[in-house]
file work21.csv (CSV, C-alpha atoms and all ligand atoms)
chain,number,residue,atom,x,y,z
A,243,MET,CA,147.8,124.5,247.9
A,244,THR,CA,145.1,122.1,246.7
A,245,SER,CA,142.4,122.7,244.1
A,246,PRO,CA,139.0,124.0,245.2
A,247,ILE,CA,136.4,121.2,245.1
A,248,PRO,CA,133.1,121.9,243.5
A,249,ILE,CA,130.2,120.3,245.3
A,250,LEU,CA,127.1,120.9,243.2
A,251,LEU,CA,123.6,121.1,244.7
A,252,TYR,CA,120.6,120.2,242.6
A,253,HIS,CA,117.0,119.8,243.8
A,254,GLY,CA,114.6,118.6,241.0
A,255,VAL,CA,115.0,117.3,237.5
A,256,ASP,CA,111.7,117.3,235.7
A,257,ASP,CA,109.8,118.6,232.6
A,258,HIS,CA,107.6,120.8,234.6
A,259,ALA,CA,108.0,122.8,237.9
A,260,PRO,CA,105.4,123.9,240.4
A,261,VAL,CA,104.8,127.7,240.2
A,262,GLY,CA,107.4,129.5,242.4
A,263,LEU,CA,109.8,126.6,242.3
A,264,GLU,CA,111.1,127.0,238.7
A,265,PRO,CA,114.6,127.9,239.7
A,266,TYR,CA,115.0,124.5,241.5
A,267,VAL,CA,113.6,122.2,238.8
A,268,MET,CA,115.9,121.6,235.9
A,269,ASP,CA,114.9,120.3,232.5
A,270,PRO,CA,116.1,116.7,232.1
A,271,ALA,CA,117.8,117.5,228.7
A,272,ARG,CA,119.8,120.3,230.4
A,273,PHE,CA,120.8,118.0,233.3
A,274,ASP,CA,121.9,115.5,230.8
A,275,GLU,CA,124.1,118.2,229.1
A,276,HIS,CA,125.6,119.0,232.5
A,277,MET,CA,126.5,115.5,233.3
A,278,ARG,CA,127.9,114.9,229.8
A,279,TYR,CA,130.0,118.0,230.2
A,280,LEU,CA,131.5,116.8,233.5
A,281,VAL,CA,132.5,113.6,231.8
A,282,GLU,CA,134.0,115.3,228.7
A,283,ARG,CA,135.9,117.6,231.0
A,284,GLY,CA,137.5,114.6,232.6
A,285,CYS,CA,136.0,115.1,236.1
A,286,THR,CA,136.3,112.5,238.8
A,287,GLY,CA,132.9,112.1,240.4
A,288,LEU,CA,132.8,111.2,244.1
A,289,THR,CA,130.0,110.9,246.7
A,290,VAL,CA,130.3,113.2,249.8
A,291,SER,CA,131.4,110.3,252.0
A,292,ASP,CA,133.9,109.0,249.4
A,293,LEU,CA,135.5,112.5,249.3
A,294,CYS,CA,135.6,112.7,253.1
A,295,ASP,CA,137.3,109.2,253.3
A,296,LEU,CA,139.9,110.2,250.7
A,297,ILE,CA,140.7,113.3,252.7
A,298,ASP,CA,140.8,111.4,256.0
A,299,ARG,CA,143.2,108.8,254.6
A,300,GLY,CA,145.5,111.7,253.5
A,301,ASP,CA,145.2,110.5,249.8
A,302,PRO,CA,145.4,113.2,247.1
A,303,VAL,CA,142.1,114.5,245.9
A,304,PRO,CA,142.1,114.3,242.1
A,305,ALA,CA,142.4,117.8,240.6
A,306,ASP,CA,139.1,117.6,238.7
A,307,THR,CA,137.0,116.1,241.5
A,308,VAL,CA,133.3,117.1,241.4
A,309,VAL,CA,130.6,116.0,243.8
A,310,VAL,CA,127.0,115.9,242.6
A,311,THR,CA,124.4,116.2,245.4
A,312,PHE,CA,120.6,116.4,245.4
A,313,ASP,CA,118.5,117.6,248.3
A,314,ASP,CA,115.0,116.5,249.4
A,315,GLY,CA,114.4,113.0,247.9
A,316,LEU,CA,111.8,113.9,245.4
A,317,ALA,CA,110.4,111.1,243.2
A,318,ASP,CA,111.7,112.9,240.0
A,319,PHE,CA,115.3,111.9,241.2
A,320,GLY,CA,114.5,108.3,240.5
A,321,GLU,CA,112.6,109.0,237.3
A,322,HIS,CA,115.0,111.5,235.6
A,323,ALA,CA,118.2,112.4,237.5
A,324,TRP,CA,119.6,109.0,238.6
A,325,PRO,CA,119.1,107.3,235.1
A,326,ILE,CA,121.0,110.3,233.6
A,327,LEU,CA,123.8,110.1,236.2
A,328,ARG,CA,124.1,106.3,235.7
A,329,SER,CA,124.2,106.7,231.9
A,330,HIS,CA,127.3,108.9,232.4
A,331,GLY,CA,128.8,106.7,235.1
A,332,LEU,CA,128.6,109.4,237.7
A,333,PRO,CA,127.8,108.9,241.4
A,334,ALA,CA,125.7,111.2,243.6
A,335,THR,CA,124.7,111.8,247.2
A,336,LEU,CA,121.0,112.2,247.7
A,337,TYR,CA,119.8,113.9,250.9
A,338,VAL,CA,116.3,112.7,251.9
A,339,VAL,CA,113.7,114.2,254.3
A,340,SER,CA,113.0,111.1,256.3
A,341,ASP,CA,109.5,111.6,257.6
A,342,CYS,CA,108.1,112.3,254.1
A,343,ILE,CA,109.5,109.1,252.4
A,344,GLY,CA,106.8,107.5,250.4
A,345,GLY,CA,104.5,110.5,250.8
A,346,GLU,CA,104.7,114.1,249.7
A,347,ALA,CA,107.1,117.0,250.1
A,348,ARG,CA,104.9,118.5,252.8
A,349,TRP,CA,107.2,121.5,253.5
A,350,LEU,CA,106.5,122.7,249.9
A,351,SER,CA,102.7,122.8,250.4
A,352,GLY,CA,102.8,126.6,249.8
A,353,PHE,CA,103.6,125.9,246.1
A,354,GLY,CA,100.5,124.0,245.0
A,355,ALA,CA,100.1,120.3,245.2
A,356,PRO,CA,103.3,119.0,247.0
A,357,SER,CA,105.6,117.0,244.9
A,358,PRO,CA,105.7,113.2,245.5
A,359,MET,CA,108.7,111.7,247.3
A,360,LEU,CA,110.7,108.6,246.6
A,361,SER,CA,109.4,105.4,248.2
A,362,TRP,CA,111.3,103.1,250.5
A,363,ASP,CA,111.6,100.5,247.8
A,364,GLN,CA,113.0,103.2,245.4
A,365,LEU,CA,115.5,104.4,248.0
A,366,ARG,CA,116.7,100.9,248.7
A,367,ALA,CA,117.2,100.3,245.0
A,368,LEU,CA,119.2,103.6,244.6
A,369,ASP,CA,121.3,102.6,247.6
A,370,ALA,CA,122.0,99.2,246.1
A,371,GLU,CA,123.0,100.8,242.8
A,372,GLY,CA,125.7,103.0,244.6
A,373,CYS,CA,123.8,106.2,245.1
A,374,GLU,CA,124.8,107.5,248.6
A,375,ILE,CA,121.7,108.2,250.7
A,376,GLY,CA,122.2,110.9,253.3
A,377,ALA,CA,119.7,112.6,255.7
A,378,HIS,CA,118.1,116.0,255.2
A,379,SER,CA,116.2,116.2,258.6
A,380,ALA,CA,112.9,114.6,259.5
A,381,THR,CA,110.5,117.4,258.3
A,382,HIS,CA,112.7,120.1,256.6
A,383,PRO,CA,112.6,122.9,259.2
A,384,GLU,CA,115.0,125.8,259.4
A,385,LEU,CA,117.2,124.0,262.0
A,386,ASP,CA,118.8,127.1,263.4
A,387,THR,CA,115.5,128.6,264.4
A,388,ILE,CA,113.8,125.6,266.2
A,389,PRO,CA,114.1,124.7,269.9
A,390,ARG,CA,117.0,122.5,270.9
A,391,SER,CA,114.5,119.8,272.0
A,392,GLU,CA,113.3,119.4,268.4
A,393,LEU,CA,116.8,119.1,267.0
A,394,VAL,CA,117.1,115.6,268.3
A,395,HIS,CA,114.2,114.3,266.3
A,396,GLU,CA,115.1,116.3,263.2
A,397,ILE,CA,118.8,115.3,263.1
A,398,ARG,CA,119.3,112.1,265.1
A,399,GLY,CA,115.8,110.9,264.4
A,400,SER,CA,116.3,111.2,260.6
A,401,ARG,CA,119.5,109.2,260.8
A,402,THR,CA,117.7,106.4,262.8
A,403,THR,CA,114.8,106.3,260.4
A,404,LEU,CA,117.0,106.0,257.3
A,405,ALA,CA,119.3,103.5,258.9
A,406,MET,CA,116.3,101.3,259.8
A,407,GLY,CA,114.9,101.6,256.4
A,408,LEU,CA,118.2,101.0,254.5
A,409,GLY,CA,119.6,98.4,256.8
A,410,HIS,CA,122.9,100.2,257.4
A,411,PRO,CA,124.2,103.4,259.0
A,412,VAL,CA,123.8,106.7,257.2
A,413,ARG,CA,127.0,108.8,257.2
A,414,SER,CA,126.2,112.3,255.9
A,415,PHE,CA,123.6,115.0,256.6
A,416,ALA,CA,122.6,118.2,254.7
A,417,TYR,CA,121.0,121.1,256.5
A,418,PRO,CA,117.6,122.2,255.0
A,419,HIS,CA,118.2,125.4,253.1
A,420,GLY,CA,121.8,125.1,254.3
A,421,TYR,CA,120.8,126.9,257.6
A,422,HIS,CA,122.9,125.9,260.6
A,423,ASP,CA,124.6,127.4,263.6
A,424,ARG,CA,127.0,126.1,266.2
A,425,LYS,CA,124.4,124.1,268.1
A,426,VAL,CA,123.0,122.6,264.9
A,427,LYS,CA,126.5,121.5,263.9
A,428,GLU,CA,127.0,120.0,267.3
A,429,ALA,CA,123.7,118.1,267.0
A,430,ALA,CA,124.8,116.7,263.6
A,431,ARG,CA,128.1,115.6,265.1
A,432,ASN,CA,126.5,114.1,268.2
A,433,ALA,CA,124.0,112.2,266.1
A,434,GLY,CA,126.9,110.3,264.6
A,435,PHE,CA,127.2,111.8,261.2
A,436,ASP,CA,130.7,111.9,259.7
A,437,SER,CA,129.9,115.0,257.7
A,438,ALA,CA,127.2,117.7,257.1
A,439,CYS,CA,126.7,119.8,254.0
A,440,ALA,CA,125.7,123.5,254.1
A,441,VAL,CA,125.0,125.6,251.0
A,442,ARG,CA,127.2,128.8,251.2
A,443,ASN,CA,127.5,129.0,247.4
A,444,MET,CA,131.3,128.5,247.5
A,445,LEU,CA,133.7,125.8,246.3
A,446,SER,CA,134.7,123.4,249.0
A,447,ALA,CA,138.3,122.5,249.9
A,448,VAL,CA,140.3,119.7,251.6
A,449,ASP,CA,140.3,121.7,254.8
A,450,ASP,CA,136.7,122.8,254.6
A,451,ASP,CA,134.6,122.7,257.8
A,452,ARG,CA,133.5,119.0,257.9
A,453,TYR,CA,130.1,120.0,259.5
A,454,ALA,CA,129.4,122.9,257.1
A,455,ILE,CA,130.7,121.7,253.8
A,456,ALA,CA,130.3,124.3,251.1
A,457,ARG,CA,128.1,123.6,248.1
A,458,VAL,CA,127.0,125.6,245.1
A,459,THR,CA,123.4,125.7,244.2
A,460,ILE,CA,122.9,125.0,240.5
A,461,GLU,CA,119.7,126.6,239.3
A,462,ALA,CA,117.5,125.6,236.4
A,463,ASP,CA,118.7,128.4,234.1
A,464,CYS,CA,122.4,127.4,234.5
A,465,ASP,CA,123.6,126.4,231.0
A,466,VAL,CA,126.8,124.5,230.3
A,467,PRO,CA,129.0,127.7,229.9
A,468,ALA,CA,127.7,128.9,233.3
A,469,LEU,CA,128.4,125.4,234.9
A,470,ALA,CA,131.9,125.6,233.4
A,471,ARG,CA,132.5,129.0,235.1
A,472,VAL,CA,131.3,127.5,238.4
A,473,LEU,CA,133.8,124.6,238.0
A,474,ASP,CA,136.5,127.1,237.1
A,475,GLY,CA,135.7,129.1,240.2
A,476,VAL,CA,134.8,132.1,238.2
A,477,GLY,CA,132.6,134.3,240.3
A,478,VAL,CA,132.5,131.7,243.1
A,479,ALA,CA,134.6,132.1,246.2
A,480,ALA,CA,136.6,129.3,247.8
A,481,ALA,CA,135.4,128.3,251.2
A,482,PRO,CA,136.5,130.5,254.1
A,483,ARG,CA,136.4,128.8,257.5
A,484,ARG,CA,134.2,131.3,259.3
A,485,GLN,CA,130.5,132.2,258.7
A,486,GLN,CA,130.0,135.6,257.1
A,487,LEU,CA,128.3,138.3,259.1
A,488,ARG,CA,125.5,138.5,256.5
A,489,THR,CA,124.5,134.9,257.4
A,490,VAL,CA,124.3,135.8,261.1
A,491,GLY,CA,122.1,138.8,260.4
A,492,TRP,CA,119.7,136.9,258.2
A,493,ARG,CA,119.3,134.2,260.9
A,494,ALA,CA,118.3,136.9,263.4
A,495,VAL,CA,115.6,138.0,261.0
A,496,ARG,CA,114.3,134.4,260.5
A,497,ARG,CA,114.3,133.7,264.2
A,498,THR,CA,112.2,136.8,264.8
A,499,ARG,CA,109.8,135.8,262.1
A,500,ARG,CA,109.4,132.4,263.6
A,501,ARG,CA,108.7,133.9,267.1
A,502,VAL,CA,106.1,136.3,265.6
A,503,ALA,CA,104.4,133.4,263.6
A,504,SER,CA,104.2,131.2,266.7
A,505,ARG,CA,102.4,133.9,268.6
A,506,ARG,CA,99.6,134.2,266.1
A,601,ZN,ZN,115.9,120.8,251.1
call {"tool": "encode", "arguments": {"input": "work21.csv", "output": "structure tokens", "more": "lines below"}}
Ligand SMILES: [Zn+2]
result
Amino acid sequence: MTSPIPILLYHGVDDHAPVGLEPYVMDPARFDEHMRYLVERGCTGLTVSDLCDLIDRGDPVPADTVVVTFDDGLADFGEHAWPILRSHGLPATLYVVSDCIGGEARWLSGFGAPSPMLSWDQLRALDAEGCEIGAHSATHPELDTIPRSELVHEIRGSRTTLAMGLGHPVRSFAYPHGYHDRKVKEAARNAGFDSACAVRNMLSAVDDDRYAIARVTIEADCDVPALARVLDGVGVAAAPRRQQLRTVGWRAVRRTRRRVASRR
């Protein structure tokens, strides 16, 4: 029996949040407290691909392993999150929406002026400093509701764009909103990714599904005691291998919504 592995999912770290996105933008001082706590607790920080490599080699995963991930590739990662991570000597995996690099988070246009994204120069600097850059689709759609023909651009295309820009292959993918199904997972595997992260709000495990790795969303109001409970697995399930029925039902609702919207 191996220990559950917490893979934490953050989005933004900034002093202010667009209206409606407050749960996803953490105050820099609080994020600093989180990272300080991980170090004080004696956690071993790994990137997603480092963790996968360790597991594939059959090496033991340190008992206090924690993986910090960020979705989207917003500019505030470079301004706030990465300097804090570095000051505590912690690595991270950053999943970037490839068609928006150097521009704006267009998929957030319903929440006021869209947040600026990291530039290519900033991404290359992060990459050089040891931050793992992964792909988070081309435009941030709900991948399990789009036609199969669009999956290629969104998944394989995002890998190609990032590889061209960074000058080396990109190994890991994260599904926007965590939404995925069998064909989305197949597309991630066929595109050449070694791993893909979902959300699921569960702790991961050595035998977790490599193309639907469980992560726990850490919201802005999560204080250090709440983070400690997540790491201890209090109130957080360990990853089961099969999708829950609730996930399948919600997908049907979103697919119907998409069909109705496209008829308008
Ligand atoms: Zn996202």
call {"tool": "residues_near_ligand", "arguments": {"input": "work21.csv", "ligand": "ligand ZN 601 (chain A)", "cutoff": "12 Å", "atoms": "only C-alpha atoms and all ligand atoms", "output": "compact mmCIF listing (two decimals) with C-alpha atoms, in the coordinates of the input"}}
result
# COMPACT_ATOMS: atom_id res chain seq x y z
CA LEU A 251 123.60 121.10 244.70
CA TYR A 252 120.60 120.20 242.60
CA HIS A 253 117.00 119.80 243.80
CA GLY A 254 114.60 118.60 241.00
CA TYR A 266 115.00 124.50 241.50
CA THR A 311 124.40 116.20 245.40
CA PHE A 312 120.60 116.40 245.40
CA ASP A 313 118.50 117.60 248.30
CA ASP A 314 115.00 116.50 249.40
CA GLY A 315 114.40 113.00 247.90
CA LEU A 316 111.80 113.90 245.40
CA LEU A 336 121.00 112.20 247.70
CA TYR A 337 119.80 113.90 250.90
CA VAL A 338 116.30 112.70 251.90
CA VAL A 339 113.70 114.20 254.30
CA SER A 340 113.00 111.10 256.30
CA CYS A 342 108.10 112.30 254.10
CA ALA A 347 107.10 117.00 250.10
CA ARG A 348 104.90 118.50 252.80
CA TRP A 349 107.20 121.50 253.50
CA LEU A 350 106.50 122.70 249.90
CA GLY A 376 122.20 110.90 253.30
CA ALA A 377 119.70 112.60 255.70
CA HIS A 378 118.10 116.00 255.20
CA SER A 379 116.20 116.20 258.60
CA ALA A 380 112.90 114.60 259.50
CA THR A 381 110.50 117.40 258.30
CA HIS A 382 112.70 120.10 256.60
CA PRO A 383 112.60 122.90 259.20
CA GLU A 384 115.00 125.80 259.40
CA LEU A 385 117.20 124.00 262.00
CA PHE A 415 123.60 115.00 256.60
CA ALA A 416 122.60 118.20 254.70
CA TYR A 417 121.00 121.10 256.50
CA PRO A 418 117.60 122.20 255.00
CA HIS A 419 118.20 125.40 253.10
CA GLY A 420 121.80 125.10 254.30
CA TYR A 421 120.80 126.90 257.60
CA CYS A 439 126.70 119.80 254.00
CA ALA A 440 125.70 123.50 254.10
CA VAL A 441 125.00 125.60 251.00
CA THR A 459 123.40 125.70 244.20
call {"tool": "closest_residue", "arguments": {"input": "work21.csv", "among": "A:Arg366, A:Asp341, A:Arg457, A:Ala305", "to": "Arg401 in chain A", "atoms": "all atoms listed in the file"}}
result
A:Asp341
call {"tool": "atom_distance", "arguments": {"input": "work21.csv", "atom1": "CA of Asp306 in chain A", "atom2": "CA of Asp451 in chain A"}}
result
20.3 Å
call {"tool": "atom_distance", "arguments": {"input": "work21.csv", "atom1": "CA of Met277 in chain A", "atom2": "CA of Ala259 in chain A"}}
result
20.4 Å
call {"tool": "residues_near_point", "arguments": {"input": "work21.csv", "point": "(125.7, 107.8, 229.0)", "cutoff": "10 Å", "atoms": "all atoms listed in the file", "output": "list in words"}}
result
Asp274, Met277, Arg278, Val281, Pro325, Ile326, Leu327, Arg328, Ser329, His330, Gly331 and Leu332 of chain A
call {"tool": "closest_residue", "arguments": {"input": "work21.csv", "among": "A:Ala323, A:Leu250, A:Ala370, A:Val478", "to": "Arg272 in chain A", "atoms": "only C-alpha atoms"}}
result
A:Ala323
call {"tool": "atom_distance", "arguments": {"input": "work21.csv", "atom1": "CA of Arg431 in chain A", "atom2": "CA of Pro411 in chain A"}}
result
14.2 Å
call {"tool": "residues_around", "arguments": {"input": "work21.csv", "residues": "range 444-450 of chain A", "least_positions_apart": "2", "cutoff": "7 Å", "atoms": "only C-alpha atoms", "output": "PyMOL selection string"}}
result
chain A and resi 246-249+297+442+452+455-458+478-481+483
call {"tool": "write_last_selection", "arguments": {"input": "work21.csv", "atoms": "C-alpha atoms", "output": "CSV table (one decimal), in the frame of the given file"}}
result
chain,number,residue,atom,x,y,z
A,246,PRO,CA,139.0,124.0,245.2
A,247,ILE,CA,136.4,121.2,245.1
A,248,PRO,CA,133.1,121.9,243.5
A,249,ILE,CA,130.2,120.3,245.3
A,297,ILE,CA,140.7,113.3,252.7
A,442,ARG,CA,127.2,128.8,251.2
A,452,ARG,CA,133.5,119.0,257.9
A,455,ILE,CA,130.7,121.7,253.8
A,456,ALA,CA,130.3,124.3,251.1
A,457,ARG,CA,128.1,123.6,248.1
A,458,VAL,CA,127.0,125.6,245.1
A,478,VAL,CA,132.5,131.7,243.1
A,479,ALA,CA,134.6,132.1,246.2
A,480,ALA,CA,136.6,129.3,247.8
A,481,ALA,CA,135.4,128.3,251.2
A,483,ARG,CA,136.4,128.8,257.5
call {"tool": "closest_residue", "arguments": {"input": "work21.csv", "among": "A:Val495, A:Ala317, A:Leu263, A:Ala433", "to": "Thr387 in chain A", "atoms": "all atoms listed in the file"}}
result
A:Val495
call {"tool": "residues_around", "arguments": {"input": "work21.csv", "residues": "Asp295 in chain A", "least_positions_apart": "5", "cutoff": "12 Å", "atoms": "only C-alpha atoms", "output": "list in words"}}
result
Leu288, Thr289, Val290, Gly300, Asp301, Pro302, Val303, Arg413, Ser414, Asp436, Ser437, Val448 and Arg452 of chain A
call {"tool": "write_last_selection", "arguments": {"input": "work21.csv", "atoms": "C-alpha atoms", "output": "mmCIF file, in the frame of the given file"}}
result
data_model
loop_
_atom_site.group_PDB
_atom_site.id
_atom_site.type_symbol
_atom_site.label_atom_id
_atom_site.label_comp_id
_atom_site.auth_asym_id
_atom_site.auth_seq_id
_atom_site.Cartn_x
_atom_site.Cartn_y
_atom_site.Cartn_z
ATOM 1 C CA LEU A 288 132.800 111.200 244.100
ATOM 2 C CA THR A 289 130.000 110.900 246.700
ATOM 3 C CA VAL A 290 130.300 113.200 249.800
ATOM 4 C CA GLY A 300 145.500 111.700 253.500
ATOM 5 C CA ASP A 301 145.200 110.500 249.800
ATOM 6 C CA PRO A 302 145.400 113.200 247.100
ATOM 7 C CA VAL A 303 142.100 114.500 245.900
ATOM 8 C CA ARG A 413 127.000 108.800 257.200
ATOM 9 C CA SER A 414 126.200 112.300 255.900
ATOM 10 C CA ASP A 436 130.700 111.900 259.700
ATOM 11 C CA SER A 437 129.900 115.000 257.700
ATOM 12 C CA VAL A 448 140.300 119.700 251.600
ATOM 13 C CA ARG A 452 133.500 119.000 257.900
#
call {"tool": "closest_residue", "arguments": {"input": "work21.csv", "among": "A:Met359, A:Ala494, A:Leu469, A:Ala462", "to": "Pro270 in chain A", "atoms": "all atoms listed in the file"}}
result
A:Ala462
call {"tool": "closest_residue", "arguments": {"input": "work21.csv", "among": "A:Met268, A:Val426, A:Val308, A:Leu296", "to": "Gly284 in chain A", "atoms": "only C-alpha atoms"}}
result
A:Val308
call {"tool": "closest_residue", "arguments": {"input": "work21.csv", "among": "A:Arg499, A:His258, A:His276, A:Arg471", "to": "Ser357 in chain A", "atoms": "all atoms listed in the file"}}
result
A:His258
